[in-house]
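J.: What follows is input.tsv, made up of TSV, C-alpha atoms:
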chain	number	residue	atom	x	y	z
A	1	MET	CA	-63.06	-11.62	-159.00
A	2	MET	CA	-63.19	-13.70	-162.19
A	3	ASN	CA	-61.99	-12.33	-165.51
A	4	ILE	CA	-64.39	-12.65	-168.47
A	5	ALA	CA	-63.44	-12.56	-172.15
A	6	VAL	CA	-66.19	-11.83	-174.67
A	7	LEU	CA	-65.55	-13.09	-178.22
A	8	VAL	CA	-67.37	-11.17	-180.94
A	9	SER	CA	-67.67	-10.92	-184.72
A	10	GLY	CA	-70.13	-8.08	-185.32
A	11	GLY	CA	-72.19	-5.36	-183.69
A	12	GLY	CA	-71.87	-6.69	-180.17
A	13	THR	CA	-75.44	-6.39	-178.86
A	14	ASN	CA	-74.89	-9.30	-176.48
A	15	LEU	CA	-71.60	-7.73	-175.43
A	16	GLN	CA	-73.53	-4.55	-174.63
A	17	ALA	CA	-75.98	-6.54	-172.52
A	18	LEU	CA	-73.02	-7.83	-170.49
A	19	ILE	CA	-71.48	-4.35	-170.21
A	20	ASP	CA	-74.83	-2.94	-169.04
A	21	ALA	CA	-75.27	-5.76	-166.51
A	22	GLN	CA	-71.79	-5.10	-165.16
A	23	GLY	CA	-72.63	-1.40	-164.86
A	24	ARG	CA	-75.74	-2.27	-162.85
A	25	GLY	CA	-73.71	-4.42	-160.46
A	26	GLU	CA	-75.18	-7.68	-161.75
A	27	LEU	CA	-71.76	-9.32	-162.20
A	28	PRO	CA	-70.50	-8.84	-158.64
A	29	ASN	CA	-67.94	-11.65	-158.84
A	30	GLY	CA	-66.79	-11.04	-162.40
A	31	LYS	CA	-65.51	-8.34	-164.71
A	32	ILE	CA	-65.17	-8.12	-168.49
A	33	ALA	CA	-61.40	-8.08	-168.87
A	34	LEU	CA	-61.07	-8.60	-172.63
A	35	VAL	CA	-63.09	-8.26	-175.83
A	36	LEU	CA	-61.65	-10.32	-178.67
A	37	ALA	CA	-62.92	-9.79	-182.21
A	38	SER	CA	-62.58	-12.09	-185.22
A	39	LYS	CA	-62.18	-9.14	-187.60
A	40	PRO	CA	-61.18	-5.48	-187.36
A	41	GLY	CA	-63.58	-2.57	-187.54
A	42	VAL	CA	-66.63	-4.25	-186.01
A	43	TYR	CA	-68.86	-2.10	-183.84
A	44	ALA	CA	-68.35	-4.40	-180.85
A	45	LEU	CA	-64.81	-2.99	-180.59
A	46	GLU	CA	-66.27	0.52	-180.27
A	47	ARG	CA	-68.54	-0.70	-177.50
A	48	ALA	CA	-65.51	-2.10	-175.68
A	49	ALA	CA	-63.57	1.14	-176.12
A	50	LYS	CA	-66.47	3.24	-174.77
A	51	ALA	CA	-66.62	0.99	-171.72
A	52	GLY	CA	-62.86	1.12	-171.18
A	53	ILE	CA	-62.41	-2.60	-171.79
A	54	PRO	CA	-59.16	-3.84	-173.39
A	55	SER	CA	-59.70	-5.40	-176.81
A	56	ASP	CA	-57.79	-7.30	-179.45
A	57	VAL	CA	-58.36	-8.72	-182.93
A	58	LEU	CA	-57.41	-12.20	-184.11
A	59	VAL	CA	-58.25	-12.93	-187.74
A	60	ARG	CA	-58.19	-16.61	-188.64
A	61	ARG	CA	-56.90	-16.04	-192.18
A	62	ASP	CA	-53.85	-14.23	-190.77
A	63	PHE	CA	-52.60	-17.56	-189.47
A	64	PRO	CA	-51.25	-20.32	-191.73
A	65	THR	CA	-52.88	-23.18	-189.81
A	66	GLN	CA	-55.62	-23.83	-187.27
A	67	ASP	CA	-52.93	-24.81	-184.77
A	68	ALA	CA	-51.21	-21.46	-185.17
A	69	TYR	CA	-54.49	-19.64	-184.65
A	70	ASP	CA	-55.31	-21.79	-181.63
A	71	GLU	CA	-51.91	-21.03	-180.12
A	72	ALA	CA	-52.46	-17.29	-180.53
A	73	LEU	CA	-56.00	-17.45	-179.12
A	74	ILE	CA	-55.02	-19.54	-176.11
A	75	GLY	CA	-52.00	-17.32	-175.49
A	76	ARG	CA	-54.09	-14.14	-175.55
A	77	LEU	CA	-56.71	-15.59	-173.20
A	78	GLU	CA	-54.15	-16.95	-170.75
A	79	ALA	CA	-52.15	-13.71	-170.79
A	80	ALA	CA	-55.32	-11.92	-169.65
A	81	ARG	CA	-55.89	-14.59	-166.96
A	82	ILE	CA	-59.34	-15.34	-168.32
A	83	ASP	CA	-61.62	-17.54	-166.20
A	84	LEU	CA	-64.75	-17.48	-168.38
A	85	ILE	CA	-65.08	-17.15	-172.15
A	86	VAL	CA	-68.39	-15.88	-173.55
A	87	LEU	CA	-69.13	-16.44	-177.24
A	88	ALA	CA	-71.35	-13.52	-178.23
A	89	GLY	CA	-71.98	-13.98	-181.94
A	90	PHE	CA	-68.45	-15.29	-182.55
A	91	LEU	CA	-68.37	-16.82	-186.03
A	92	THR	CA	-64.86	-18.31	-186.07
A	93	ILE	CA	-64.63	-22.03	-185.32
A	94	ILE	CA	-63.51	-22.88	-181.80
A	95	SER	CA	-61.35	-25.97	-182.13
A	96	GLU	CA	-61.31	-29.06	-179.94
A	97	ARG	CA	-57.94	-27.95	-178.61
A	98	VAL	CA	-59.33	-24.65	-177.32
A	99	VAL	CA	-62.47	-26.30	-175.94
A	100	GLY	CA	-60.32	-28.84	-174.14
A	101	ARG	CA	-58.06	-26.20	-172.65
A	102	PHE	CA	-61.05	-24.28	-171.29
A	103	GLU	CA	-63.41	-27.18	-170.56
A	104	ASN	CA	-66.67	-26.02	-168.96
A	105	ARG	CA	-65.37	-22.44	-169.05
A	106	ILE	CA	-66.80	-21.42	-172.44
A	107	ILE	CA	-70.48	-20.44	-172.76
A	108	ASN	CA	-72.53	-19.56	-175.82
A	109	VAL	CA	-75.97	-18.02	-176.36
A	110	HIS	CA	-78.09	-19.53	-179.13
A	111	PRO	CA	-81.35	-17.92	-180.36
A	112	SER	CA	-83.64	-20.94	-180.01
A	113	LEU	CA	-84.79	-23.44	-177.42
A	114	ILE	CA	-82.17	-26.12	-177.99
A	115	PRO	CA	-82.52	-28.84	-179.32
A	116	SER	CA	-84.80	-27.01	-181.80
A	117	PHE	CA	-83.24	-25.08	-184.71
A	118	CYS	CA	-79.63	-25.56	-183.72
A	119	GLY	CA	-76.47	-27.20	-184.95
A	120	GLU	CA	-74.46	-26.74	-188.12
A	121	GLY	CA	-75.59	-23.76	-190.19
A	122	TYR	CA	-78.14	-22.45	-187.68
A	123	TYR	CA	-77.08	-18.93	-186.74
A	124	GLY	CA	-78.39	-15.39	-187.14
A	125	LEU	CA	-81.63	-14.92	-189.04
A	126	ARG	CA	-81.57	-18.50	-190.34
A	127	VAL	CA	-82.74	-19.73	-186.92
A	128	HIS	CA	-85.76	-17.43	-186.89
A	129	GLU	CA	-86.60	-18.06	-190.53
A	130	GLU	CA	-86.80	-21.78	-189.81
A	131	ALA	CA	-88.87	-21.26	-186.66
A	132	LEU	CA	-91.42	-19.27	-188.66
A	133	ARG	CA	-91.37	-21.75	-191.53
A	134	ARG	CA	-92.18	-24.58	-189.12
A	135	GLY	CA	-94.99	-22.59	-187.52
A	136	VAL	CA	-93.85	-22.94	-183.92
A	137	LYS	CA	-95.81	-20.92	-181.36
A	138	VAL	CA	-92.96	-20.57	-178.89
A	139	THR	CA	-89.26	-20.02	-179.46
A	140	GLY	CA	-86.61	-18.50	-177.21
A	141	ALA	CA	-82.92	-18.61	-176.37
A	142	THR	CA	-80.48	-20.97	-174.68
A	143	VAL	CA	-77.19	-20.41	-172.90
A	144	HIS	CA	-75.04	-23.53	-172.84
A	145	PHE	CA	-71.51	-24.66	-172.20
A	146	VAL	CA	-69.51	-25.24	-175.37
A	147	ASN	CA	-68.21	-28.70	-176.21
A	148	ASN	CA	-67.06	-30.34	-179.43
A	149	VAL	CA	-70.63	-30.74	-180.77
A	150	CYS	CA	-72.12	-27.63	-182.40
A	151	ASP	CA	-74.76	-26.28	-179.95
A	152	GLY	CA	-74.48	-29.61	-178.13
A	153	GLY	CA	-73.02	-28.63	-174.77
A	154	PRO	CA	-74.82	-28.84	-171.41
A	155	ILE	CA	-77.68	-26.34	-171.11
A	156	ILE	CA	-77.36	-23.70	-168.40
A	157	LEU	CA	-80.45	-21.49	-168.88
A	158	GLN	CA	-83.36	-21.18	-171.29
A	159	ARG	CA	-86.17	-18.68	-171.69
A	160	ALA	CA	-89.25	-18.98	-173.91
A	161	VAL	CA	-90.48	-16.19	-176.18
A	162	GLU	CA	-93.89	-16.14	-177.86
A	163	VAL	CA	-94.10	-16.11	-181.63
A	164	GLN	CA	-96.65	-13.50	-182.67
A	165	GLU	CA	-98.96	-13.22	-185.66
A	166	GLY	CA	-97.30	-11.27	-188.44
A	167	ASP	CA	-93.76	-11.86	-187.20
A	168	THR	CA	-90.93	-11.51	-189.69
A	169	PRO	CA	-87.54	-13.11	-188.99
A	170	GLU	CA	-86.21	-9.66	-188.11
A	171	LEU	CA	-89.04	-8.89	-185.66
A	172	LEU	CA	-88.71	-12.27	-184.02
A	173	GLN	CA	-84.94	-11.96	-183.79
A	174	ARG	CA	-85.27	-8.62	-182.00
A	175	ARG	CA	-87.86	-9.94	-179.54
A	176	VAL	CA	-85.75	-13.00	-178.73
A	177	MET	CA	-82.74	-10.79	-178.09
A	178	GLU	CA	-84.63	-8.33	-175.88
A	179	GLN	CA	-86.69	-10.86	-173.92
A	180	ALA	CA	-84.25	-13.75	-173.69
A	181	GLU	CA	-80.65	-13.40	-174.90
A	182	TRP	CA	-79.86	-10.10	-173.19
A	183	LYS	CA	-81.25	-11.42	-169.89
A	184	LEU	CA	-79.92	-14.98	-169.95
A	185	LEU	CA	-76.32	-14.27	-170.93
A	186	PRO	CA	-75.48	-11.92	-168.02
A	187	LYS	CA	-77.33	-14.23	-165.62
A	188	ALA	CA	-75.35	-17.27	-166.77
A	189	ALA	CA	-72.08	-15.34	-166.52
A	190	ALA	CA	-72.97	-14.21	-162.99
A	191	LEU	CA	-73.85	-17.77	-161.93
A	192	PHE	CA	-70.52	-19.03	-163.26
A	193	CYS	CA	-68.54	-16.30	-161.51
A	194	GLU	CA	-70.38	-17.05	-158.26
A	195	GLY	CA	-69.30	-20.69	-158.52
A	196	ARG	CA	-72.91	-21.85	-158.67
A	197	LEU	CA	-72.74	-24.01	-161.83
A	198	ALA	CA	-71.87	-27.70	-161.54
A	199	VAL	CA	-71.67	-29.91	-164.62
A	200	GLU	CA	-72.46	-33.61	-164.26
A	201	GLY	CA	-72.37	-35.31	-167.63
A	202	ALA	CA	-74.89	-33.53	-169.85
A	203	ILE	CA	-76.65	-31.81	-166.94
A	204	VAL	CA	-75.89	-28.44	-165.34
A	205	HIS	CA	-76.94	-28.07	-161.72
A	206	ILE	CA	-77.41	-24.55	-160.34
A	207	ARG	CA	-76.46	-24.42	-156.67
A	208	GLU	CA	-78.52	-22.36	-154.28
A	209	GLU	CA	-76.96	-19.15	-153.00
Could you write out this structure as structure tokens?

T.:
Amino acid sequence: MMNIAVLVSGGGTNLQALIDAQGRGELPNGKIALVLASKPGVYALERAAKAGIPSDVLVRRDFPTQDAYDEALIGRLEAARIDLIVLAGFLTIISERVVGRFENRIINVHPSLIPSFCGEGYYGLRVHEEALRRGVKVTGATVHFVNNVCDGGPIILQRAVEVQEGDTPELLQRRVMEQAEWKLLPKAAALFCEGRLAVEGAIVHIREE
């Protein structure tokens, strides 16, 4: 059984998708062992409490340096014997040191079909605003491993979502979450915990069951 840490900064809708998947038995080889928030009082911590999942808060500004923060983050993750880290709307920078310590063990969900509308500054509604501004007909979500390039790690799974006439950024955001993010993230976590993901350079191979 692999231990999963979910790192959050807000409401925790993607965390809830993982909790629900676990409740349905869709993470048979993994369990959510820790929810770590970047600030106190966020609703994601309530979701963790309701599900009986241990949680903690690490606020970057409480630490004098990035190194001190990294040390605390790594220490908390290793104390919980974490095998997989899931970034679920986590807005604090993950440093090269942390990425290196957990190489190919950190995954992130991004609300577009990478390489479109990704990279520095593309998060939250900004992604969907840009998709609508450019007039794309199809958008979606991507789950990828995290490396030292923003949204640049090897792609694990993607799912397309149709852009509809009259969409606002908020409507599109909700559809992408419901049709793509909340399905892809638990699936990617399950594949990892089953040992079915193999990274070769920039390519992720999914082994057959």

J.: I need the residue nearest Ala44 in chain A from this list: A:Gly10, A:Pro115, A:Pro64, A:Gly23. Use all atoms listed in the file for the distance.

T.: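 Going through A:Gly10, A:Pro115, A:Pro64, A:Gly23 one by one, the smallest distance to Ala44 in chain A is for A:Gly10.
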
J.: Give me the residues near Lys31 in chain A as a ChimeraX atom specification, where near means some atom within 8 Å (using only C-alpha atoms) and where sequence neighbours in that chain fewer than 6 positions away do not count.

T.: /A:1-4,22

J.: So, counting all atoms listed in the file, which residue among A:Lys187, A:Lys39, A:Arg196, A:Lys50 is closest to Val8 in chain A?

T.: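 Closest candidate: A:Lys39.
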
J.: Restricting the calculation to only C-alpha atoms, which member of A:Met177, A:Ile93, A:Ile156, A:Leu125 is positioned closest to Ile107 in chain A?

T.: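 Smallest separation from Ile107 in chain A among the options: A:Ile156.
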
J.: Nearest to Ile114 in chain A: which of A:Gln173, A:Asn29, A:Asn147, A:Thr139 is it, counting all atoms listed in the file?

T.: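 The closest residue to Ile114 in chain A is A:Thr139.
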
J.: If you count only C-alpha atoms, which residues fall within 7 Å of Ala88 in chain A, apart from same-chain ones fewer than 3 positions away, as a list in words?

T.: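 Listed by chain and then number, they are Val6, Leu7, Val8, Asn14, Leu15, Asn108 and Val109 of chain A.
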
J.: Could you pull out every residue with an atom within 6 Å of (-68.9, -14.7, -161.0), file coordinates, counting only C-alpha atoms, and send them as a list of chain:residue names?

T.: A:Met2, A:Asn29, A:Gly30, A:Ala190, A:Leu191, A:Phe192, A:Cys193, A:Glu194

J.: Quick one: pull the distance between CA of Leu27 in chain A and CA of Ala79 in chain A, Å, one decimal.

T.: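 CA of Ala79 in chain A lies 21.9 Å from CA of Leu27 in chain A.
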
J.: Within 10 Å of (-91.0, -24.2, -184.5), in the coordinates the file gives, what residues turn up when you count all atoms listed in the file, written out as a list in words?

T.: Ser112, Leu113, Ser116, Phe117, Val127, His128, Glu129, Glu130, Ala131, Leu132, Arg133, Arg134, Gly135, Val136, Lys137, Val138, Thr139 and Val163 of chain A

J.: Enter the distance from CA of Ile82 in chain A to CA of Thr13 in chain A, in Å, rounded to one decimal.

T.: 21.2 Å

J.: Between A:Glu103, A:Thr92, A:Pro154, A:Glu181, single out the one closest to Ala202 in chain A, counting only C-alpha atoms.

T.: A:Pro154

J.: From the set A:Glu165, A:Leu171, A:Arg126, A:Ala189, which residue has the shortest atom-to-atom contact distance to Val143 in chain A, counting all atoms listed in the file?

T.: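 With all atoms listed in the file as the atom set, the closest residue is A:Ala189.
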
J.: Residues within 9 Å of His110 in chain A, please, as a list in words. Count only C-alpha atoms; anything in the same chain fewer than 4 positions from it doesn't count.

T.: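 Residues meeting the cut-off are Gly89, Ile114, Cys118, Tyr123, Gly140, Ala141, Thr142, Val143, His144, Asp151 and Glu181 of chain A.
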
J.: May I have the residues from that selection written out with C-alpha atoms, as a tab-separated table (two decimals), in the coordinates of the input?

T.:
chain	number	residue	atom	x	y	z
A	89	GLY	CA	-71.98	-13.98	-181.94
A	114	ILE	CA	-82.17	-26.12	-177.99
A	118	CYS	CA	-79.63	-25.56	-183.72
A	123	TYR	CA	-77.08	-18.93	-186.74
A	140	GLY	CA	-86.61	-18.50	-177.21
A	141	ALA	CA	-82.92	-18.61	-176.37
A	142	THR	CA	-80.48	-20.97	-174.68
A	143	VAL	CA	-77.19	-20.41	-172.90
A	144	HIS	CA	-75.04	-23.53	-172.84
A	151	ASP	CA	-74.76	-26.28	-179.95
A	181	GLU	CA	-80.65	-13.40	-174.90

J.: What gap, in Å, lies between CA of Arg97 in chain A and CA of Asp70 in chain A?

T.: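 Calculated distance between CA of Arg97 in chain A and CA of Asp70 in chain A is 7.3 Å.
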